[in-house]
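J.: Structure: target35.txt, compact mmCIF, C-alpha atoms and all ligand atoms.
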# COMPACT_ATOMS: atom_id res chain seq x y z
CA MET A 1 75.50 -142.33 -11.81
CA ASN A 2 77.99 -144.85 -13.09
CA ARG A 3 76.29 -147.82 -14.73
CA TYR A 4 77.64 -150.95 -16.32
CA ASP A 5 74.88 -151.02 -18.96
CA THR A 6 77.01 -150.08 -21.93
CA GLU A 7 80.32 -151.60 -20.95
CA PHE A 8 78.88 -154.96 -19.93
CA LYS A 9 75.83 -155.22 -22.15
CA ARG A 10 76.06 -158.48 -24.08
CA GLU A 11 74.72 -159.90 -27.30
CA ARG A 12 71.29 -161.50 -26.97
CA ILE A 13 71.69 -164.83 -25.21
CA ASP A 14 69.56 -167.93 -25.64
CA THR A 15 68.11 -168.21 -22.11
CA ARG A 16 67.64 -171.82 -21.00
CA MET A 17 64.86 -172.91 -18.65
CA LEU A 18 66.33 -175.49 -16.28
CA SER A 19 64.62 -177.71 -13.71
CA GLY A 20 65.66 -178.29 -10.11
CA SER A 21 67.07 -181.75 -10.91
CA ASP A 22 70.61 -182.52 -9.76
CA GLU A 23 71.68 -182.72 -13.38
CA ASP A 24 70.30 -179.26 -14.19
CA ILE A 25 71.77 -177.77 -11.02
CA GLU A 26 75.18 -179.01 -12.22
CA ILE A 27 74.61 -177.25 -15.53
CA ALA A 28 73.63 -174.07 -13.68
CA ALA A 29 76.68 -174.30 -11.42
CA GLY A 30 78.84 -174.66 -14.53
CA ILE A 31 77.39 -171.42 -15.88
CA ILE A 32 78.20 -169.63 -12.60
CA LYS A 33 81.75 -171.04 -12.69
CA SER A 34 82.23 -169.79 -16.23
CA LYS A 35 81.10 -166.32 -15.05
CA GLY A 36 77.61 -166.34 -16.59
CA LEU A 37 74.25 -165.43 -15.03
CA VAL A 38 71.68 -167.87 -13.62
CA ALA A 39 68.37 -166.91 -12.02
CA PHE A 40 67.30 -169.24 -9.23
CA PRO A 41 64.48 -169.62 -6.71
CA THR A 42 64.75 -168.67 -3.05
CA GLU A 43 62.01 -168.68 -0.42
CA THR A 44 61.59 -164.90 -0.84
CA VAL A 45 61.87 -164.00 -4.54
CA TYR A 46 63.93 -165.26 -7.51
CA GLY A 47 67.54 -164.09 -7.47
CA LEU A 48 69.76 -163.18 -10.42
CA GLY A 49 73.00 -164.95 -9.59
CA ALA A 50 76.65 -164.69 -10.56
CA ASP A 51 79.98 -165.64 -8.98
CA GLY A 52 80.08 -163.15 -6.11
CA MET A 53 83.86 -163.16 -5.92
CA ASP A 54 84.36 -162.20 -9.57
CA GLU A 55 84.21 -158.51 -10.42
CA ASN A 56 83.33 -158.96 -14.09
CA ALA A 57 80.66 -161.61 -13.49
CA VAL A 58 79.00 -159.26 -10.99
CA LYS A 59 79.08 -156.34 -13.43
CA LYS A 60 76.97 -158.44 -15.81
CA ILE A 61 74.23 -158.54 -13.14
CA TYR A 62 74.11 -154.75 -12.97
CA ALA A 63 74.03 -154.52 -16.77
CA ALA A 64 71.24 -157.13 -17.14
CA LYS A 65 69.06 -155.39 -14.55
CA GLY A 66 69.95 -151.81 -15.47
CA ARG A 67 70.82 -151.38 -11.80
CA PRO A 68 72.70 -148.32 -10.52
CA ALA A 69 76.27 -149.26 -9.62
CA ASP A 70 76.04 -147.91 -6.06
CA ASN A 71 73.19 -150.23 -5.01
CA PRO A 72 75.00 -153.21 -3.43
CA LEU A 73 74.16 -156.89 -3.83
CA ILE A 74 73.59 -159.65 -1.30
CA LEU A 75 76.01 -162.59 -1.22
CA HIS A 76 74.17 -165.92 -0.85
CA ILE A 77 75.90 -168.72 1.01
CA ALA A 78 75.08 -172.35 1.75
CA ASP A 79 76.47 -172.61 5.29
CA LYS A 80 77.19 -170.30 8.22
CA LYS A 81 80.94 -170.72 8.14
CA SER A 82 81.09 -169.10 4.70
CA ALA A 83 79.94 -165.87 6.32
CA PHE A 84 83.26 -165.67 8.14
CA GLN A 85 85.17 -165.95 4.84
CA ILE A 86 83.28 -162.94 3.48
CA CYS A 87 82.86 -160.80 6.60
CA LYS A 88 85.10 -159.63 9.43
CA ASN A 89 84.38 -158.50 13.00
CA VAL A 90 81.25 -160.66 13.14
CA GLY A 91 79.81 -159.88 16.59
CA ILE A 92 78.00 -162.13 19.05
CA LYS A 93 74.63 -160.66 18.10
CA ALA A 94 75.15 -161.27 14.39
CA GLN A 95 76.15 -164.86 15.14
CA LYS A 96 73.07 -165.36 17.26
CA LEU A 97 70.90 -164.07 14.40
CA MET A 98 72.57 -166.54 12.03
CA ASP A 99 71.99 -169.39 14.49
CA GLU A 100 68.34 -168.53 14.99
CA PHE A 101 67.21 -167.44 11.53
CA TRP A 102 69.44 -169.14 8.93
CA PRO A 103 68.59 -170.62 6.60
CA GLY A 104 65.86 -168.04 6.21
CA PRO A 105 64.70 -164.66 4.90
CA LEU A 106 67.21 -162.56 6.85
CA THR A 107 70.13 -160.64 5.33
CA LEU A 108 72.88 -159.38 7.62
CA VAL A 109 74.96 -156.35 6.65
CA LEU A 110 78.45 -156.81 8.10
CA SER A 111 82.00 -155.48 7.55
CA ALA A 112 83.38 -156.95 4.34
CA ARG A 113 86.70 -158.71 3.97
CA ASP A 114 89.01 -157.03 1.47
CA ASP A 115 88.65 -159.70 -1.21
CA VAL A 116 84.89 -159.16 -1.58
CA PRO A 117 84.76 -157.22 -4.88
CA LEU A 118 83.84 -153.54 -4.49
CA THR A 119 81.26 -154.01 -7.24
CA VAL A 120 79.28 -156.39 -5.01
CA ARG A 121 79.31 -153.87 -2.17
CA GLY A 122 78.45 -150.88 -4.35
CA GLY A 123 81.71 -149.31 -3.16
CA LEU A 124 80.92 -149.66 0.58
CA ASP A 125 83.08 -151.36 3.21
CA THR A 126 80.13 -153.54 4.24
CA VAL A 127 78.43 -156.47 2.55
CA GLY A 128 75.01 -158.14 2.81
CA VAL A 129 75.02 -161.92 3.45
CA ARG A 130 72.21 -164.41 3.55
CA MET A 131 71.66 -168.17 3.64
CA PRO A 132 68.39 -168.81 1.79
CA ASP A 133 65.87 -171.43 2.90
CA ASN A 134 65.45 -173.14 -0.44
CA GLU A 135 66.91 -176.48 -1.41
CA ILE A 136 67.63 -175.59 -5.03
CA ALA A 137 69.38 -172.37 -4.00
CA LEU A 138 71.51 -174.15 -1.40
CA LYS A 139 72.46 -176.94 -3.82
CA LEU A 140 73.37 -174.42 -6.51
CA ILE A 141 75.61 -172.40 -4.17
CA SER A 142 77.34 -175.56 -2.96
CA ALA A 143 77.84 -176.89 -6.49
CA ALA A 144 79.18 -173.53 -7.73
CA ASN A 145 81.54 -173.53 -4.73
CA THR A 146 81.45 -169.73 -4.36
CA PRO A 147 79.20 -167.15 -2.70
CA ILE A 148 76.54 -166.21 -5.24
CA ALA A 149 75.80 -162.50 -5.60
CA ALA A 150 72.11 -162.08 -6.34
CA PRO A 151 69.67 -159.20 -6.40
CA SER A 152 66.03 -159.89 -7.20
CA ALA A 153 65.83 -161.09 -10.81
CA ASN A 154 63.70 -158.25 -12.18
CA ILE A 155 64.49 -155.24 -14.34
CA SER A 156 65.61 -152.54 -11.92
CA GLY A 157 62.60 -150.70 -10.46
CA SER A 158 59.91 -153.25 -11.36
CA PRO A 159 58.14 -155.78 -9.10
CA SER A 160 60.30 -158.68 -7.89
CA PRO A 161 59.74 -162.04 -9.61
CA THR A 162 58.16 -164.84 -7.58
CA ASN A 163 58.14 -167.52 -10.28
CA ALA A 164 60.27 -168.51 -13.27
CA VAL A 165 57.85 -167.03 -15.82
CA HIS A 166 58.23 -163.59 -14.21
CA VAL A 167 62.00 -163.95 -14.53
CA MET A 168 61.71 -164.89 -18.22
CA ASP A 169 59.44 -161.89 -18.80
CA ASP A 170 62.20 -159.56 -17.58
CA MET A 171 65.43 -161.43 -18.33
CA LYS A 172 64.92 -163.54 -21.48
CA GLY A 173 67.84 -162.93 -23.81
CA LYS A 174 69.95 -161.30 -21.10
CA ILE A 175 70.98 -164.26 -18.94
CA GLU A 176 72.17 -167.81 -19.56
CA ALA A 177 69.53 -169.72 -17.58
CA VAL A 178 66.62 -169.73 -15.13
CA ILE A 179 66.05 -172.61 -12.74
CA ASP A 180 62.32 -173.20 -12.35
CA GLY A 181 61.63 -173.98 -8.70
CA GLY A 182 57.93 -173.10 -8.71
CA GLU A 183 56.35 -170.29 -6.70
CA CYS A 184 58.33 -168.64 -3.89
CA SER A 185 56.89 -169.52 -0.49
CA ARG A 186 57.24 -166.01 1.00
CA GLY A 187 56.94 -163.67 -1.96
CA LEU A 188 58.61 -160.62 -0.34
CA GLU A 189 62.35 -159.98 -0.11
CA SER A 190 64.38 -160.75 3.00
CA THR A 191 64.57 -158.55 6.08
CA VAL A 192 67.84 -156.57 5.90
CA VAL A 193 69.48 -156.00 9.29
CA ILE A 194 72.54 -153.79 9.64
CA ALA A 195 74.70 -155.56 12.25
CA THR A 196 78.06 -153.85 11.81
CA GLU A 197 77.94 -152.25 15.27
CA GLU A 198 77.65 -154.69 18.16
CA GLU A 199 75.53 -152.22 20.16
CA GLU A 200 72.96 -151.64 17.51
CA LEU A 201 70.82 -153.79 15.21
CA ILE A 202 68.97 -151.76 12.59
CA ILE A 203 66.31 -152.99 10.17
CA ALA A 204 66.98 -151.30 6.82
CA ARG A 205 64.36 -153.25 4.87
CA PRO A 206 61.43 -155.00 6.57
CA GLY A 207 60.53 -158.56 5.57
CA TYR A 208 58.87 -161.73 6.78
CA ILE A 209 61.13 -161.84 9.86
CA THR A 210 59.92 -158.89 11.91
CA LYS A 211 61.48 -156.63 14.55
CA GLU A 212 59.29 -158.41 17.14
CA ASN A 213 60.37 -161.88 15.92
CA ILE A 214 64.04 -160.95 16.36
CA GLU A 215 63.47 -159.31 19.74
CA ASP A 216 61.41 -162.24 21.05
CA VAL A 217 63.87 -164.88 19.92
CA THR A 218 67.14 -163.14 20.86
CA GLY A 219 66.17 -160.67 23.56
CA TYR A 220 68.18 -157.98 21.71
CA GLU A 221 66.72 -154.56 21.04
CA VAL A 222 66.18 -153.88 17.34
CA LYS A 223 65.59 -150.47 15.76
CA TYR A 224 64.00 -149.48 12.51
CA HIS A 225 66.01 -147.29 10.22
CA ASP A 226 64.67 -143.72 10.35
CA SER A 227 63.18 -144.09 6.88
CA LEU A 228 60.86 -146.85 8.13
CA VAL A 229 59.58 -145.00 11.19
CA ASN A 230 57.44 -142.68 9.09
CA MET A 231 57.37 -144.77 5.99
CA HIS A 232 54.27 -143.23 4.50
CA LEU A 233 56.33 -140.10 3.99
CA GLU A 234 58.68 -139.86 1.08
CA ASN A 235 61.52 -139.29 3.51
CA ASP A 236 63.64 -142.28 2.67
CA VAL A 237 65.02 -140.29 -0.23
CA ILE A 238 66.87 -138.28 2.36
CA ASN A 239 70.02 -139.73 3.86
CA PRO A 240 69.60 -143.36 2.84
CA SER A 241 71.74 -145.76 4.88
CA SER A 242 70.87 -148.68 2.65
CA PRO A 243 71.70 -147.46 -0.83
CA GLY A 244 68.72 -149.28 -2.32
CA MET A 245 66.42 -146.93 -0.46
CA LYS A 246 66.88 -143.95 -2.70
CA TYR A 247 65.72 -145.55 -5.94
CA ARG A 248 62.22 -146.16 -7.29
CA HIS A 249 61.17 -149.70 -6.43
CA TYR A 250 58.63 -152.41 -7.08
CA ALA A 251 56.69 -150.23 -9.54
CA PRO A 252 54.14 -151.81 -11.88
CA LYS A 253 53.68 -150.37 -15.38
CA ALA A 254 50.23 -149.11 -14.38
CA GLU A 255 49.84 -146.29 -11.90
CA MET A 256 49.09 -147.72 -8.46
CA ILE A 257 47.04 -146.02 -5.77
CA LEU A 258 46.91 -147.20 -2.18
CA PHE A 259 43.73 -146.64 -0.15
CA SER A 260 44.20 -146.24 3.56
CA GLY A 261 41.56 -146.15 6.29
CA SER A 262 38.61 -148.13 7.57
CA GLY A 263 37.26 -151.00 5.48
CA GLU A 264 33.86 -149.69 4.50
CA ASN A 265 35.18 -146.27 3.52
CA ILE A 266 37.87 -147.92 1.45
CA GLU A 267 35.41 -150.02 -0.52
CA GLN A 268 33.30 -146.95 -1.23
CA ALA A 269 36.25 -144.78 -2.17
CA MET A 270 37.68 -147.47 -4.46
CA LYS A 271 34.34 -147.88 -6.19
CA LYS A 272 34.09 -144.16 -6.76
CA TYR A 273 37.66 -143.99 -8.03
CA SER A 274 37.10 -146.95 -10.38
CA GLU A 275 34.07 -145.29 -11.90
CA HIS A 276 36.01 -142.09 -12.38
CA VAL A 277 38.80 -143.94 -14.22
CA LYS A 278 36.36 -145.91 -16.36
CA ASN A 279 34.44 -142.75 -17.27
CA THR A 280 37.63 -141.23 -18.59
CA GLY A 281 38.28 -144.32 -20.73
CA GLY A 282 40.78 -146.06 -18.45
CA LYS A 283 40.97 -149.69 -17.34
CA VAL A 284 41.11 -150.43 -13.61
CA GLY A 285 42.57 -153.42 -11.77
CA ILE A 286 42.17 -154.18 -8.08
CA ILE A 287 44.62 -156.20 -5.97
CA PRO A 288 42.52 -159.20 -4.82
CA LEU A 289 41.78 -159.65 -1.13
CA ARG A 290 43.39 -162.87 0.13
CA ASP A 291 42.35 -164.96 3.13
CA THR A 292 45.44 -164.29 5.23
CA LEU A 293 48.11 -161.62 5.50
CA ASP A 294 50.76 -164.21 4.56
CA GLU A 295 48.89 -164.95 1.35
CA GLN A 296 48.35 -161.25 0.65
CA ALA A 297 52.12 -160.76 0.95
CA ARG A 298 53.03 -163.90 -0.99
CA ASN A 299 50.88 -162.86 -3.95
CA PHE A 300 51.44 -159.10 -4.01
CA PHE A 301 54.19 -158.91 -6.65
CA LYS A 302 52.46 -161.61 -8.69
CA ASP A 303 49.19 -159.66 -8.55
CA LEU A 304 50.96 -156.53 -9.82
CA ARG A 305 52.52 -158.42 -12.70
CA GLU A 306 49.22 -160.09 -13.65
CA LEU A 307 47.32 -156.81 -13.66
CA ASP A 308 50.05 -155.28 -15.84
CA LYS A 309 49.65 -158.19 -18.26
CA GLU A 310 45.91 -157.48 -18.43
CA GLY A 311 46.89 -153.99 -19.56
CA VAL A 312 45.19 -152.00 -16.82
CA ASP A 313 45.98 -148.28 -16.52
CA VAL A 314 45.41 -147.97 -12.79
CA ILE A 315 45.86 -150.49 -9.96
CA LEU A 316 43.96 -149.95 -6.71
CA ALA A 317 45.02 -151.59 -3.45
CA ARG A 318 43.76 -151.62 0.12
CA ASP A 319 46.16 -151.01 2.98
CA VAL A 320 46.87 -153.72 5.57
CA GLU A 321 47.62 -153.53 9.25
CA LYS A 322 51.30 -152.72 9.81
CA ALA A 323 51.76 -155.74 12.08
CA GLY A 324 53.73 -158.91 11.41
CA VAL A 325 54.46 -159.31 7.71
CA GLY A 326 51.95 -156.48 7.18
CA PHE A 327 54.71 -153.98 7.96
CA ALA A 328 56.85 -155.31 5.10
CA LEU A 329 53.87 -155.55 2.76
CA MET A 330 52.91 -151.93 3.47
CA ASN A 331 56.51 -150.88 2.81
CA ARG A 332 56.37 -152.53 -0.63
CA MET A 333 52.87 -151.28 -1.44
CA ILE A 334 53.71 -147.67 -0.56
CA LYS A 335 56.72 -147.78 -2.88
CA SER A 336 54.85 -149.57 -5.66
CA ALA A 337 52.30 -146.79 -5.45
CA GLY A 338 55.06 -144.20 -5.67
CA TYR A 339 53.68 -142.73 -2.40
CA ARG A 340 50.25 -142.10 -3.97
CA ILE A 341 48.05 -142.79 -0.93
CA ILE A 342 44.43 -141.77 -0.45
CA TYR A 343 43.39 -141.50 3.20
CA VAL A 344 39.70 -142.30 2.99
CA ASP A 345 38.72 -141.44 6.56
CA GLU A 346 39.85 -137.82 6.20
CA GLU A 347 37.27 -135.46 4.80
O1 LIG B 1 65.20 -161.83 -0.40
C1 LIG B 1 66.15 -161.22 -0.89
O2 LIG B 1 66.91 -160.51 -0.21
C2 LIG B 1 66.37 -161.35 -2.41
C3 LIG B 1 66.74 -162.79 -2.71
C4 LIG B 1 67.14 -162.99 -4.16
O3 LIG B 1 67.75 -163.20 -1.84
N1 LIG B 1 67.37 -160.43 -2.85
C5 LIG B 1 67.15 -159.09 -2.92
O4 LIG B 1 68.23 -158.37 -3.41
O5 LIG B 1 66.11 -158.57 -2.60
P1 LIG B 1 68.12 -156.86 -3.86
O6 LIG B 1 69.44 -156.55 -4.45
O7 LIG B 1 66.95 -156.69 -4.74
O8 LIG B 1 67.98 -156.05 -2.54
C6 LIG B 1 69.07 -155.97 -1.65
C7 LIG B 1 68.84 -154.89 -0.62
C8 LIG B 1 68.92 -153.52 -1.24
O9 LIG B 1 67.95 -152.70 -0.62
C9 LIG B 1 70.34 -153.10 -0.88
O10 LIG B 1 70.48 -151.70 -0.86
C10 LIG B 1 70.53 -153.73 0.49
O11 LIG B 1 69.86 -154.97 0.38
N2 LIG B 1 71.95 -153.97 0.75
C11 LIG B 1 72.76 -154.88 0.19
N3 LIG B 1 74.02 -154.75 0.64
C12 LIG B 1 74.01 -153.73 1.52
C13 LIG B 1 75.01 -153.09 2.32
N4 LIG B 1 76.29 -153.46 2.28
N5 LIG B 1 74.62 -152.07 3.11
C14 LIG B 1 73.33 -151.68 3.15
N6 LIG B 1 72.36 -152.23 2.41
C15 LIG B 1 72.68 -153.24 1.61
MG MG B 2 65.28 -155.88 -5.65
For the file at hand, write its structure as structure tokens.
Ligand code: TXA
Ligand code: MG
T.:
Amino acid sequence: MNRYDTEFKRERIDTRMLSGSDEDIEIAAGIIKSKGLVAFPTETVYGLGADGMDENAVKKIYAAKGRPADNPLILHIADKKSAFQICKNVGIKAQKLMDEFWPGPLTLVLSARDDVPLTVRGGLDTVGVRMPDNEIALKLISAANTPIAAPSANISGSPSPTNAVHVMDDMKGKIEAVIDGGECSRGLESTVVIATEEEELIIARPGYITKENIEDVTGYEVKYHDSLVNMHLENDVINPSSPGMKYRHYAPKAEMILFSGSGENIEQAMKKYSEHVKNTGGKVGIIPLRDTLDEQARNFFKDLRELDKEGVDVILARDVEKAGVGFALMNRMIKSAGYRIIYVDEE
């Protein structure tokens, strides 16, 4: 696979921590204008931003992350009309989704206009667009006066960053600046909906905005991509329609194991597994149980990163109901676990 790691790898950079003040946002916008990299908060996760209309600036993103060149980036915009400067053949349904859910954690994949760099699109003729629901992000995009290409601001394959410290842990020395906007309010990446065909809306990556949310609000039928229908199977390696699907994702340094089944059996099975790991000299970490599903989702990536910092060898997690944001959380947990799932109710 073609990578930009060698060609666009740069000397170690002194990474600045900026605040969300208007003054600092101007500094950050200046960095984007001069084709540098700035990580910034969104409501989902922190993004690693560059001028989305500049081929060479975008290549620096791939190099900093170690991201495969065929995994396309999302263009972030500050108003709906910008979508029409980036995309063509925007259908009625796509427009309705923009009206209802933007700004918000929804990315639309649409046909790209010719001047959107191929690097942003990973060579495809489509492009992902999203208007984030975060004041700092919106101000930065406006001040930079360009769509900002931004993947999650983590090293490729590791858990997404949900605060500025996470970004520093992965990107210090590789990017010009990070804007500290505190903790992300959602903590999981946006829902990606393929909306290139007017007849068909397809969820390629689940997120906080669910299939049911979209159907209820718009009355349109929404389908899951095949890979999400049986997502406990490792079948999204086959025929990925969203290029990101075929790569390892969200993986902590420790080995993660997901326990699936009824509550009591899970607690027992986790206890037994913990003892087994400890007896063989290993250190175990357990993803804490939060009060609500929203909180469980908001903290998941953070929990993974904290357990890694504690130096655990194995991370154990309980499954959640695949309803509401639980569907997206399960999608992330299954991948973080590298499909290592123990079904505790089966003898
Ligand atoms: O919430 C988010 O979406 C965050 C914040 C920073 O906005 N961004 C993010 O970007 O998660 P990234 O690059 O980590 O994930 C983008 C996903 C990938 O799965 C990618 O394959 C898919 O969107 N994607 C982007 N453009 C696409 C396209 N043209 N066709 C199909 N899938 C696309
Ligand atoms: Mg990512």
J.: Give as a list in words the residues surrounding ligand MG 2 (chain B) up to a distance of 9 Å, considering all atoms listed in the file.
T.: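 Protein and nucleic-acid residues within 9 Å of ligand MG 2 (chain B): Val45, Gly47, Pro151, Ser152, Ala153, Asn154, Ile155, Ser156, Gly157, Ser158, Pro159, Ser160, Glu189, Gly244, His249 and Tyr250 of chain A.
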J.: Show me which residues are within 6 Å of ligand LIG 1 (chain B) counting only C-alpha atoms and all ligand atoms, and format the list as a list in words.
T.: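 Checked against 6 Å with only C-alpha atoms and all ligand atoms; the hits are Thr44, Val45, Tyr46, Gly47, Asn71, Pro72, Leu73, Ile74, Val109, Arg121, Thr126, Val127, Gly128, Ala150, Pro151, Ser152, Glu189, Ser190, Ser242, Pro243, Gly244 and Met245 of chain A.
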J.: With C-alpha atoms retained, export the selected residues as a PDB file, keeping the file's coordinate frame.
T.:
ATOM      1  CA  THR A  44      61.590-164.900  -0.840  1.00  0.00           C
ATOM      2  CA  VAL A  45      61.870-164.000  -4.540  1.00  0.00           C
ATOM      3  CA  TYR A  46      63.930-165.260  -7.510  1.00  0.00           C
ATOM      4  CA  GLY A  47      67.540-164.090  -7.470  1.00  0.00           C
ATOM      5  CA  ASN A  71      73.190-150.230  -5.010  1.00  0.00           C
ATOM      6  CA  PRO A  72      75.000-153.210  -3.430  1.00  0.00           C
ATOM      7  CA  LEU A  73      74.160-156.890  -3.830  1.00  0.00           C
ATOM      8  CA  ILE A  74      73.590-159.650  -1.300  1.00  0.00           C
ATOM      9  CA  VAL A 109      74.960-156.350   6.650  1.00  0.00           C
ATOM     10  CA  ARG A 121      79.310-153.870  -2.170  1.00  0.00           C
ATOM     11  CA  THR A 126      80.130-153.540   4.240  1.00  0.00           C
ATOM     12  CA  VAL A 127      78.430-156.470   2.550  1.00  0.00           C
ATOM     13  CA  GLY A 128      75.010-158.140   2.810  1.00  0.00           C
ATOM     14  CA  ALA A 150      72.110-162.080  -6.340  1.00  0.00           C
ATOM     15  CA  PRO A 151      69.670-159.200  -6.400  1.00  0.00           C
ATOM     16  CA  SER A 152      66.030-159.890  -7.200  1.00  0.00           C
ATOM     17  CA  GLU A 189      62.350-159.980  -0.110  1.00  0.00           C
ATOM     18  CA  SER A 190      64.380-160.750   3.000  1.00  0.00           C
ATOM     19  CA  SER A 242      70.870-148.680   2.650  1.00  0.00           C
ATOM     20  CA  PRO A 243      71.700-147.460  -0.830  1.00  0.00           C
ATOM     21  CA  GLY A 244      68.720-149.280  -2.320  1.00  0.00           C
ATOM     22  CA  MET A 245      66.420-146.930  -0.460  1.00  0.00           C
TER      23      MET A 245
END
J.: Counting all atoms listed in the file, which of A:Gly263, A:Glu310, A:Gly338, A:Leu188 gets nearest to A:Gln296?
T.: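 Answer, going by the shortest atom-to-atom distance: A:Leu188.
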J.: For the interface of stretch 92-177 of chain A with stretch 209-233 of chain A (cut-off 12 Å, counting only C-alpha atoms), please tabulate each contacting residue of stretch 92-177 of chain A alongside its nearest pair of atoms and their separation in Å to one decimal, rows sorted by chain and increasing number, as JSON lines.
T.:
{"residue": "A:Ile92", "atom": "CA", "partner": "A:Tyr220", "partner_atom": "CA", "distance": 11.0}
{"residue": "A:Lys93", "atom": "CA", "partner": "A:Tyr220", "partner_atom": "CA", "distance": 7.9}
{"residue": "A:Ala94", "atom": "CA", "partner": "A:Thr218", "partner_atom": "CA", "distance": 10.5}
{"residue": "A:Gln95", "atom": "CA", "partner": "A:Thr218", "partner_atom": "CA", "distance": 10.8}
{"residue": "A:Lys96", "atom": "CA", "partner": "A:Thr218", "partner_atom": "CA", "distance": 7.3}
{"residue": "A:Leu97", "atom": "CA", "partner": "A:Thr218", "partner_atom": "CA", "distance": 7.5}
{"residue": "A:Met98", "atom": "CA", "partner": "A:Thr218", "partner_atom": "CA", "distance": 10.9}
{"residue": "A:Asp99", "atom": "CA", "partner": "A:Thr218", "partner_atom": "CA", "distance": 10.2}
{"residue": "A:Glu100", "atom": "CA", "partner": "A:Val217", "partner_atom": "CA", "distance": 7.6}
{"residue": "A:Phe101", "atom": "CA", "partner": "A:Ile209", "partner_atom": "CA", "distance": 8.4}
{"residue": "A:Trp102", "atom": "CA", "partner": "A:Ile209", "partner_atom": "CA", "distance": 11.1}
{"residue": "A:Pro103", "atom": "CA", "partner": "A:Ile209", "partner_atom": "CA", "distance": 12.0}
{"residue": "A:Gly104", "atom": "CA", "partner": "A:Ile209", "partner_atom": "CA", "distance": 8.6}
{"residue": "A:Pro105", "atom": "CA", "partner": "A:Ile209", "partner_atom": "CA", "distance": 6.7}
{"residue": "A:Leu106", "atom": "CA", "partner": "A:Ile209", "partner_atom": "CA", "distance": 6.8}
{"residue": "A:Thr107", "atom": "CA", "partner": "A:Ile209", "partner_atom": "CA", "distance": 10.1}
J.: Considering only C-alpha atoms, state which residue in the set A:Ala64, A:Ala164, A:Met330, A:Leu48 is at the smallest distance from A:Asp5.
T.: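 That would be A:Ala64, the residue with the smallest distance to A:Asp5.
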J.: Rank A:Thr146, A:Asp14, A:Glu23, A:Pro68 by their smallest atom-to-atom distance to A:Met53, using all atoms listed in the file, and report the top residue only.
T.: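 Of all the options, A:Thr146 lies closest to A:Met53.
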J.: Just give me the gap between atom CA of A:Phe301 and atom CA of A:Arg205 in Å, one decimal is fine.
T.: 16.4 Å
J.: Choose the residue, out of A:Val178, A:Leu293, A:Val165, A:Ala195, that has the smallest atom-to-atom separation from A:Ala112; count all atoms listed in the file.
T.: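 The shortest atom-to-atom distance to A:Ala112 comes from A:Ala195.
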J.: Looking at only C-alpha atoms, which of A:Asp115, A:Val38, A:Ser274, A:Leu108 is the one that sits closest to A:Thr191?
T.: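 Checking each candidate against A:Thr191, we get A:Leu108 as the closest.
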J.: So the first atom is atom CA of A:Met131 and the second is atom CA of A:Lys80; what is the distance between them in Å, to one decimal place?
T.: 7.5 Å
J.: Expressed in Å to a single decimal, how great is the separation between atom CA of A:Glu176 and atom CA of A:Lys302?
T.: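 So the answer is 23.3 Å.
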J.: Compute the distance from (37.2, -148.4, -4.3) to each atom, counting all atoms listed in the file, keep the residues with any atom at most 12 Å away, and return them as an MDAnalysis selection string; use the coordinates of the file.
T.: chainID A and resid 257:277 284:287 314:319 342:344
J.: Hey, which of A:Ala297, A:Ala328, A:Val116, A:Ala337 ends up closest to A:Val192? Count only C-alpha atoms.
T.: A:Ala328
J.: Counting all atoms listed in the file, I want the residues whose atoms come within 8 Å of (63.1, -171.5, -20.6) in the file frame, returned as a list in words.
T.: Thr15, Arg16, Met17, Leu18, Met168, Ala177 and Val178 of chain A
J.: Please provide as a list in words all residues within 7 Å of A:Ala29, with the sequence filter that same-chain residues fewer than 4 positions apart are discarded (counting only C-alpha atoms).
T.: Ile25, Lys33, Leu140, Ala143 and Ala144 of chain A
